[in-house]
Amino acid sequence: MEEYEVVIGLEVHAELSTNTKIFCGCGTKFGAEPNSQVCPICLGLPGVLPVLNEKVVEYAVRAALALNCRINLSDKFDRKNYYYPDLPKNYQISQNYLPIAGNGHIEIFVNREKTRIRINNIHMEEDAGKNLHAEDTGLLDASLVDFNRTGVPLLEIVTYPDMRSLEEAEKFMTTLRDILLYIDICDCRMEEGSLRFEANISLRRVGDRQLGQRVEMKNLNSFKMVLKALGYEIKRQEKLLTAGKEIRQETRLWDDKGGKTTAMRSKEEAYDYRYFHEPDLVPVIIDEKFIDRIRSSLPELPSAKFERFKREYGLPPYNAEVLTANRALSDFYEEVAGIFPDPKTVSNWVMGELLRILNEQEVSIENCRVSPGQFAELLRFLKDGKISALSGKLVLREMFLSAKDAGKIIEEKGLSQISDEREIGPKVSYVISTNTSTVDDYCKGKEKAIGALIGKVMKETQGRADPKKVGEMLREQLEEEKKKRKS
Ligand SMILES: [Zn+2]
């Protein structure tokens with residue numbers, strides 16, 4: 001079998017989280033009553049004129065700067081002509097000839113290797129409406145159209161075919177999502193369609209310079225769907241090429257239920273969108289001052305923060321990456337580390353127990369009921385030996401559920417750590433007398449057996465004993481036992 005290299009490019013549609021639509025004053029709230037957020041402009045009635053929402057330009061410039069793009073100081077809108085029931089004007093206002101920005105890139109890390117994925121262009125456009133069929137409406141004999149989404153601003157981000165594996169495609173998508181969330185221009189809720197993808201993929205023999213015939217895939221609404229569709233296409237194309245067959249240039253649709261892609265249209269059937277300049281809108285002129293103002297309002301981006309977390313807090317790359325992927329999480333971390341200056345411990349507890357609870361309870365860090373101050377206080381109790389690590393986990397969970405302070409919970413539940421030898425001693429003796437085979441193992445030189453015994457004592461004390469003290473006391477008694485047996 002020949003060896004093939006995978007070549008992937010992505011087009012990302014990001015719905016901008018402006019309050020109003022791109023060319024009219026209608027609201028953009030998701031989930032509103034169908035056709036309640038419409039007006040003559042977004043319904044495409046005759047005689048109306050679009051007016052560009054300045055916020056959209058601002059958001060596009062934010063994205064362009066964050067994605068290291070060159071910004072066109074003068075750009076234009078074009079009409080993309082096609083007919084579809086969810087597009088009342090029969091054309092979409094988009095940017096084809098002079099998009100707002102291009103020539104950018106982002107850097108991604110896959111297996112610790114840094115790879116640069118280039119951005120071909122970023123353009124502004126309006127979203128279409130939504131057709132509702134039987135599965136949405138229950139009506140078997142009719143389809144309905146909801147025009148609320150018509151005219152919601154979209155940013156389309158188009159990459160060069162720079163990705164060489166599924167891992168790179170996945171990393172690109174998550175990195176891009178993190179950036180869009182950081183710069184606060186898109187809520188990236190894929191289940192609501194605010195982030196959607198189209199992918200193109202081709203295979204070529206390893207070492208070949210020329211690109212293979214590419215296939216496009218539309219309407220991919222989640223990371224998982226993109227990866228499944230690409231995975232299927234790689235196998236399909238590999239099989240065809242190995243059998244000496246040709247790949248047809250076509251657009252394919254991912255069938256999520258069937259787990260496969262099917263041909264939608266070939267090159268011959270492709271639409272000719274007959275793009276031409278949008279006569280109802282003047283060119284967009286952007287001045288340097290506008291760009292400077294936006295540049296100075298941008299937050300520190302994930303890649304810069306990642307480097308700073310490694311440097312400033314001495315965190316390993318993995319920890320720095322997890323903590324900086326989410327802006328609110330990185331803020332939480334920094335606030336805790338500011339109060340409790342042991343960055344590694346803070347990172348372990350945030351990434352371990354806190355993220356575990358958040359995931360399990362499906363709560364975002366923004367809605368976490370434990371404040372950074374309360375979290376730092378818990379870490380202080382742990383450091384001072386007031387509670388054991390095991391109790392610490394219980395306390396954190398209780399803090400999360402009840403929003404109470406750690407001190408209060410420790411008191412109420414009687415969780416303070418036991419380090420009094422008079423209290424631990426009897427438990428140690430009990431465990432040694434009831435676990436003879438483990439004690440035998442220890443005496444025969446299997447020193448690791450002590451771990452199991454520590455666990456037993458901890459269990460006897462409901463996790464409240466100081467494990468260090470337990471270890472010391474166990475070792476002492478076991479060594480005595482060993483001596484006794486030798487003599
Ligand atoms: Zn409107």
# chains A, B, ... in the order shown; residues from 1 in each chain; ligands from 1
call {"tool": "residues_near_ligand", "arguments": {"ligand": "ligand 1", "cutoff": "9 Å", "atoms": "only C-alpha atoms and all ligand atoms", "output": "compact mmCIF listing (two decimals) with N, CA and C atoms, in the first residue's frame"}}
result
# COMPACT_ATOMS: atom_id res chain seq x y z
N THR A 20 -27.18 43.67 17.53
CA THR A 20 -28.07 43.84 16.37
C THR A 20 -27.44 43.22 15.13
N LYS A 21 -28.26 43.07 14.10
CA LYS A 21 -27.82 42.43 12.87
C LYS A 21 -26.83 43.30 12.08
N ILE A 22 -26.32 42.75 11.00
CA ILE A 22 -25.23 43.45 10.28
C ILE A 22 -25.74 44.66 9.48
N PHE A 23 -26.97 44.58 8.93
CA PHE A 23 -27.42 45.69 8.08
C PHE A 23 -28.73 46.34 8.53
N CYS A 24 -29.23 45.95 9.72
CA CYS A 24 -30.46 46.56 10.24
C CYS A 24 -30.41 46.54 11.77
N GLY A 25 -31.42 47.07 12.41
CA GLY A 25 -31.39 47.19 13.86
C GLY A 25 -32.05 46.03 14.59
N CYS A 26 -32.39 44.95 13.87
CA CYS A 26 -33.08 43.83 14.52
C CYS A 26 -32.15 43.11 15.50
N GLY A 27 -32.76 42.52 16.53
CA GLY A 27 -32.00 41.79 17.54
C GLY A 27 -31.46 40.48 17.01
N GLN A 37 -37.75 38.64 15.12
CA GLN A 37 -36.63 39.57 15.03
C GLN A 37 -36.35 39.87 13.56
N VAL A 38 -37.34 40.47 12.91
CA VAL A 38 -37.22 40.74 11.47
C VAL A 38 -37.78 42.13 11.15
N CYS A 39 -37.33 42.66 10.01
CA CYS A 39 -37.82 43.96 9.54
C CYS A 39 -37.74 43.96 8.02
N PRO A 40 -38.24 44.99 7.36
CA PRO A 40 -38.20 44.98 5.89
C PRO A 40 -36.79 44.79 5.33
N ILE A 41 -35.77 45.27 6.04
CA ILE A 41 -34.41 45.14 5.49
C ILE A 41 -33.95 43.69 5.48
N CYS A 42 -34.04 43.02 6.65
CA CYS A 42 -33.53 41.64 6.67
C CYS A 42 -34.50 40.66 6.01
N LEU A 43 -35.73 41.11 5.76
CA LEU A 43 -36.64 40.27 4.98
C LEU A 43 -36.46 40.49 3.48
N GLY A 44 -35.58 41.46 3.11
CA GLY A 44 -35.28 41.67 1.71
C GLY A 44 -36.44 42.24 0.91
N ASN A 148 -35.33 34.85 11.64
CA ASN A 148 -34.61 35.53 12.72
C ASN A 148 -33.10 35.58 12.48
N THR A 150 -31.60 35.58 9.59
CA THR A 150 -31.25 36.31 8.37
C THR A 150 -30.62 37.65 8.74
N GLY A 151 -29.40 37.87 8.31
CA GLY A 151 -28.75 39.15 8.59
C GLY A 151 -27.95 39.17 9.89
call {"tool": "residues_around", "arguments": {"residues": "range 386-390 of chain A", "least_positions_apart": "5", "cutoff": "8 Å", "atoms": "only C-alpha atoms", "output": "list in words"}}
result
Phe381, Ile410, Leu415, Ser416, Gln417, Gly463, Arg464, Ala465, Asp466 and Pro467 of chain A
call {"tool": "residues_around", "arguments": {"residues": "range 115-119 of chain A", "least_positions_apart": "2", "cutoff": "6 Å", "atoms": "only C-alpha atoms", "output": "ChimeraX atom specification"}}
result
/A:103-108,121,158-160,162
call {"tool": "residues_around", "arguments": {"residues": "Gly207 in chain A", "least_positions_apart": "3", "cutoff": "12 Å", "atoms": "only C-alpha atoms", "output": "list in words"}}
result
Glu2, Glu3, Tyr4, Glu5, Val6, Leu203, Arg204, Gln210 and Leu211 of chain A
call {"tool": "write_last_selection", "arguments": {"atoms": "N, CA, C and O atoms", "output": "compact mmCIF listing (two decimals), in the first residue's frame"}}
result
# COMPACT_ATOMS: atom_id res chain seq x y z
N GLU A 2 0.49 2.21 -0.82
CA GLU A 2 1.27 3.45 -0.90
C GLU A 2 1.04 4.30 0.34
O GLU A 2 0.03 4.18 1.00
N GLU A 3 2.00 5.17 0.59
CA GLU A 3 1.82 6.06 1.73
C GLU A 3 1.35 7.42 1.27
O GLU A 3 1.92 8.01 0.36
N TYR A 4 0.28 7.88 1.88
CA TYR A 4 -0.29 9.16 1.48
C TYR A 4 -0.18 10.20 2.58
O TYR A 4 -0.21 9.87 3.76
N GLU A 5 -0.09 11.45 2.14
CA GLU A 5 -0.10 12.56 3.08
C GLU A 5 -1.46 13.24 2.98
O GLU A 5 -1.99 13.43 1.89
N VAL A 6 -2.00 13.59 4.13
CA VAL A 6 -3.32 14.22 4.18
C VAL A 6 -3.14 15.74 4.14
O VAL A 6 -2.26 16.29 4.79
N LEU A 203 -5.58 13.98 -0.70
CA LEU A 203 -4.44 13.13 -0.35
C LEU A 203 -3.41 13.23 -1.46
O LEU A 203 -3.76 13.43 -2.62
N ARG A 204 -2.15 13.12 -1.10
CA ARG A 204 -1.11 13.02 -2.13
C ARG A 204 -0.04 12.06 -1.65
O ARG A 204 0.11 11.84 -0.45
N GLN A 210 2.80 18.51 -5.71
CA GLN A 210 1.50 18.94 -6.20
C GLN A 210 0.38 18.41 -5.32
O GLN A 210 0.44 17.28 -4.83
N LEU A 211 -0.64 19.26 -5.13
CA LEU A 211 -1.76 18.84 -4.30
C LEU A 211 -2.66 17.87 -5.06
O LEU A 211 -2.80 17.97 -6.28
call {"tool": "residues_around", "arguments": {"residues": "Gln374 in chain A", "least_positions_apart": "4", "cutoff": "10 Å", "atoms": "only C-alpha atoms", "output": "ChimeraX atom specification"}}
result
/A:336,369-370,378-380,396,399,403-407
call {"tool": "residues_around", "arguments": {"residues": "Gly102 in chain A", "least_positions_apart": "4", "cutoff": "8 Å", "atoms": "only C-alpha atoms", "output": "list in words"}}
result
Ala64, Cys69, Arg70, Ile71, Asn72, Ile119, Asn120, Asn121 and Ile122 of chain A
call {"tool": "atom_distance", "arguments": {"atom1": "CA of Trp349 in chain A", "atom2": "CA of Asp178 in chain A"}}
result
22.2 Å
